[in-house]
Amino acid sequence: MRLFKKLMFLSVMSSRCKLVRAFSSSPPSCPVSITRRWLDSFVLPLKLCPFAYRPLVQRPAEHELLHFSAGGREKLVSEVKQAATRMCVANAANERLTCMIVLSSEDLGDMLRDFNSFMEFVNIDVTSSVREVNQGLVQIASFHPGFQFNDSSPSDFSNFVNRSPYPMLHLLSEAEVSAAVNAYSEKRLTEHIWQNNYELLTKFASVEEILGVWEGGDLPPSIKKLLAER
């Protein structure tokens, strides 16, 4: 967990109003496809997260992308514990498994739209439940459409580093994290991941341009050039 707090690595997306519109107008099957498009068109092409690249691109059969569409907090905690248990079993068999859980259940209440409520739930309920079963073998990263640093404004580009279309939990094995860090360190220091991602995102002309790429649009030429130089 300390590693994720240090790196603050991942990506981007919508504002609070975007979240409200997504839940009010999208059919139940859309959150997973929206999240997958965000990963495929934004996170992976921009190389924002080495921890996502390995399971999604190199070993997709070892990655679970789940949709929590109904049920409250207790049920979600149970689902997270089951996912962590599956990962521990895989680890014992010298296999690797990662899991992303996309949250859209209205039974979860305010935490779907309120970032602070979401993080309180993750830091207390989710983290403690995972500790019960994983013995330090599973780490958790969390993402939310309303993510905001303490010293930033809602529209600050720095907030987009940890935003996602829907609230999401990303469970990674300690072995997967170590492998990704070792591979990444061959090219650049891991402690620079967040800084590099932030610098990349600030090269976009606007939030709307970022969201256009997230929705499947082409990368701006300036971003393509910067990526080619890295």
# chains A, B, ... in the order shown; residues from 1 in each chain; ligands from 1

call {"tool": "select_by_dssp", "arguments": {"residues": "stretch 20-228 of chain A", "states": "helix (DSSP H, G or I)", "output": "PyMOL selection string"}}
result
chain A and resi 20-25+30-43+50-58+60-62+73-92+106-112+115-134+157-162+174-185+190-201+207-214+221-228

call {"tool": "residues_around", "arguments": {"residues": "stretch 62-72 of chain A", "least_positions_apart": "4", "cutoff": "6 Å", "atoms": "only C-alpha atoms", "output": "VMD selection string"}}
result
chain A and resid 55 97 to 105 107 to 108

call {"tool": "residues_around", "arguments": {"residues": "A:Pro145", "least_positions_apart": "5", "cutoff": "6 Å", "atoms": "only C-alpha atoms", "output": "list in words"}}
result
Ser14, Arg163, Ser164, Pro165 and Tyr166 of chain A

call {"tool": "closest_residue", "arguments": {"among": "A:Glu132, A:Thr35, A:Leu171, A:Phe157", "to": "A:Glu209", "atoms": "only C-alpha atoms"}}
result
A:Phe157

call {"tool": "residues_around", "arguments": {"residues": "A:Lys224", "least_positions_apart": "5", "cutoff": "12 Å", "atoms": "only C-alpha atoms", "output": "list in words"}}
result
Pro45, Leu46, Lys47, Leu200, Lys203, Phe204, Asp218, Leu219, Glu229 and Arg230 of chain A

call {"tool": "write_last_selection", "arguments": {"atoms": "N, CA, C and O atoms", "output": "compact mmCIF listing (two decimals), in the first residue's frame"}}
result
# COMPACT_ATOMS: atom_id res chain seq x y z
N PRO A 45 -2.18 3.42 -24.16
CA PRO A 45 -1.40 4.14 -25.17
C PRO A 45 -0.48 5.20 -24.58
O PRO A 45 0.61 5.43 -25.11
N LEU A 46 -0.92 5.85 -23.49
CA LEU A 46 -0.09 6.87 -22.88
C LEU A 46 0.95 6.29 -21.92
O LEU A 46 1.76 7.02 -21.36
N LYS A 47 0.88 4.96 -21.71
CA LYS A 47 1.85 4.27 -20.86
C LYS A 47 1.89 4.89 -19.46
O LYS A 47 2.96 5.09 -18.87
N LEU A 200 2.96 14.82 -18.67
CA LEU A 200 2.32 14.42 -19.91
C LEU A 200 0.90 14.97 -20.00
O LEU A 200 0.49 15.52 -21.02
N LYS A 203 0.28 18.57 -20.98
CA LYS A 203 0.51 18.94 -22.38
C LYS A 203 -0.79 18.95 -23.18
O LYS A 203 -0.81 19.46 -24.31
N PHE A 204 -1.84 18.40 -22.63
CA PHE A 204 -3.14 18.50 -23.30
C PHE A 204 -3.63 19.93 -23.22
O PHE A 204 -3.34 20.66 -22.27
N ASP A 218 -8.40 10.33 -31.23
CA ASP A 218 -6.97 10.25 -31.50
C ASP A 218 -6.17 11.10 -30.53
O ASP A 218 -6.64 12.14 -30.04
N LEU A 219 -4.97 10.66 -30.26
CA LEU A 219 -4.06 11.46 -29.45
C LEU A 219 -3.65 12.71 -30.23
O LEU A 219 -3.39 12.64 -31.43
N GLU A 229 9.43 10.57 -27.92
CA GLU A 229 10.72 11.03 -27.41
C GLU A 229 11.10 10.34 -26.09
O GLU A 229 12.24 10.43 -25.66
N ARG A 230 10.15 9.67 -25.47
CA ARG A 230 10.41 9.03 -24.17
C ARG A 230 11.06 7.67 -24.35
O ARG A 230 10.84 6.99 -25.32

call {"tool": "closest_residue", "arguments": {"among": "A:Ile34, A:Ile193, A:Ile210, A:Leu169", "to": "A:Val122", "atoms": "only C-alpha atoms"}}
result
A:Leu169

call {"tool": "atom_distance", "arguments": {"atom1": "atom CA of A:Val133", "atom2": "atom CA of A:Lys81"}}
result
7.0 Å

call {"tool": "select_by_dssp", "arguments": {"residues": "stretch 59-190 of chain A", "states": "strand (DSSP E or B)", "output": "list in words"}}
result
His63, Glu64, Leu65, Leu66, His67, Phe68, Thr98, Cys99, Met100, Ile101, Val102, Leu103, Val138, Gln139, Ile140, Ala141, Ser142, Phe143, Met168, Leu169, His170, Leu171, Leu172 and Ser173 of chain A

call {"tool": "write_last_selection", "arguments": {"atoms": "N, CA, C and O atoms", "output": "short mmCIF file (atom, residue, chain, number, x, y, z; two decimals), in the first residue's frame"}}
result
data_model
loop_
_atom_site.label_atom_id
_atom_site.label_comp_id
_atom_site.auth_asym_id
_atom_site.auth_seq_id
_atom_site.Cartn_x
_atom_site.Cartn_y
_atom_site.Cartn_z
N HIS A 63 -6.23 -11.56 -15.91
CA HIS A 63 -6.80 -10.32 -15.38
C HIS A 63 -8.31 -10.41 -15.34
O HIS A 63 -8.96 -10.84 -16.30
N GLU A 64 -8.91 -10.02 -14.21
CA GLU A 64 -10.36 -9.97 -14.06
C GLU A 64 -10.82 -8.52 -14.05
O GLU A 64 -10.30 -7.70 -13.30
N LEU A 65 -11.81 -8.20 -14.89
CA LEU A 65 -12.45 -6.89 -14.89
C LEU A 65 -13.90 -7.11 -14.50
O LEU A 65 -14.70 -7.59 -15.30
N LEU A 66 -14.23 -6.81 -13.26
CA LEU A 66 -15.54 -7.13 -12.70
C LEU A 66 -16.40 -5.89 -12.55
O LEU A 66 -15.90 -4.77 -12.40
N HIS A 67 -17.72 -6.09 -12.55
CA HIS A 67 -18.67 -4.99 -12.40
C HIS A 67 -19.53 -5.23 -11.18
O HIS A 67 -20.29 -6.19 -11.12
N PHE A 68 -19.42 -4.36 -10.17
CA PHE A 68 -20.26 -4.43 -8.98
C PHE A 68 -21.44 -3.50 -9.20
O PHE A 68 -21.36 -2.30 -8.97
N THR A 98 -4.63 -10.49 -11.36
CA THR A 98 -4.99 -9.14 -10.93
C THR A 98 -6.49 -8.97 -11.12
O THR A 98 -7.13 -9.70 -11.88
N CYS A 99 -7.05 -7.99 -10.44
CA CYS A 99 -8.49 -7.81 -10.48
C CYS A 99 -8.85 -6.33 -10.39
O CYS A 99 -8.34 -5.63 -9.51
N MET A 100 -9.70 -5.87 -11.29
CA MET A 100 -10.28 -4.53 -11.21
C MET A 100 -11.78 -4.68 -10.96
O MET A 100 -12.45 -5.47 -11.63
N ILE A 101 -12.30 -3.93 -10.01
CA ILE A 101 -13.72 -3.96 -9.70
C ILE A 101 -14.30 -2.58 -9.96
O ILE A 101 -13.96 -1.61 -9.27
N VAL A 102 -15.18 -2.47 -10.96
CA VAL A 102 -15.83 -1.22 -11.32
C VAL A 102 -17.13 -1.10 -10.52
O VAL A 102 -17.95 -2.02 -10.51
N LEU A 103 -17.32 0.02 -9.86
CA LEU A 103 -18.45 0.18 -8.94
C LEU A 103 -19.52 1.10 -9.54
O LEU A 103 -19.23 2.25 -9.90
N VAL A 138 -1.48 -8.97 -1.33
CA VAL A 138 -2.31 -8.19 -2.24
C VAL A 138 -2.27 -6.73 -1.85
O VAL A 138 -2.38 -6.38 -0.68
N GLN A 139 -2.10 -5.86 -2.85
CA GLN A 139 -2.12 -4.42 -2.65
C GLN A 139 -3.33 -3.84 -3.37
O GLN A 139 -3.79 -4.39 -4.37
N ILE A 140 -3.81 -2.70 -2.88
CA ILE A 140 -5.01 -2.09 -3.43
C ILE A 140 -4.71 -0.68 -3.92
O ILE A 140 -4.12 0.12 -3.19
N ALA A 141 -5.12 -0.38 -5.13
CA ALA A 141 -5.12 0.98 -5.64
C ALA A 141 -6.56 1.37 -5.89
O ALA A 141 -7.38 0.54 -6.29
N SER A 142 -6.91 2.62 -5.63
CA SER A 142 -8.28 3.07 -5.82
C SER A 142 -8.33 4.29 -6.71
O SER A 142 -7.42 5.13 -6.70
N PHE A 143 -9.42 4.40 -7.49
CA PHE A 143 -9.60 5.50 -8.44
C PHE A 143 -11.03 5.99 -8.38
O PHE A 143 -11.95 5.22 -8.09
N MET A 168 -13.39 2.77 -8.76
CA MET A 168 -12.79 1.48 -9.10
C MET A 168 -11.75 1.08 -8.07
O MET A 168 -11.02 1.92 -7.54
N LEU A 169 -11.68 -0.22 -7.82
CA LEU A 169 -10.64 -0.81 -6.99
C LEU A 169 -9.77 -1.70 -7.87
O LEU A 169 -10.29 -2.47 -8.67
N HIS A 170 -8.47 -1.57 -7.73
CA HIS A 170 -7.53 -2.37 -8.51
C HIS A 170 -6.70 -3.19 -7.54
O HIS A 170 -5.92 -2.63 -6.76
N LEU A 171 -6.88 -4.49 -7.56
CA LEU A 171 -6.15 -5.39 -6.68
C LEU A 171 -4.98 -6.00 -7.45
O LEU A 171 -5.16 -6.57 -8.53
N LEU A 172 -3.79 -5.87 -6.88
CA LEU A 172 -2.57 -6.37 -7.50
C LEU A 172 -1.80 -7.21 -6.50
O LEU A 172 -1.76 -6.90 -5.31
N SER A 173 -1.18 -8.27 -7.00
CA SER A 173 -0.34 -9.08 -6.13
C SER A 173 0.99 -8.39 -5.92
O SER A 173 1.47 -7.65 -6.77
#

call {"tool": "residues_around", "arguments": {"residues": "A:Phe121", "least_positions_apart": "6", "cutoff": "12 Å", "atoms": "only C-alpha atoms", "output": "list of chain:residue names"}}
result
A:Gly72, A:Arg73, A:Glu74, A:Leu76, A:Val77, A:Leu108, A:Gly109, A:Asp110, A:Met111, A:Leu112, A:Asp114, A:Phe115, A:Thr127, A:Ser128, A:Ser129, A:Ser142, A:Pro167, A:Leu169

call {"tool": "atom_distance", "arguments": {"atom1": "atom CA of A:Leu48", "atom2": "atom CA of A:Ala84"}}
result
24.3 Å

call {"tool": "closest_residue", "arguments": {"among": "A:Val130, A:Ile223, A:Leu201, A:Ala175", "to": "A:Asp156", "atoms": "only C-alpha atoms"}}
result
A:Leu201

call {"tool": "residues_around", "arguments": {"residues": "A:Thr202", "least_positions_apart": "4", "cutoff": "12 Å", "atoms": "only C-alpha atoms", "output": "list in words"}}
result
Val12, Ser155, Asp156, Phe157, Ser158, Asn159, Phe160, Val161, Gln195, Asn196, Asn197, Tyr198, Ser206, Val207, Glu209, Ile210, Ser222, Ile223 and Leu226 of chain A
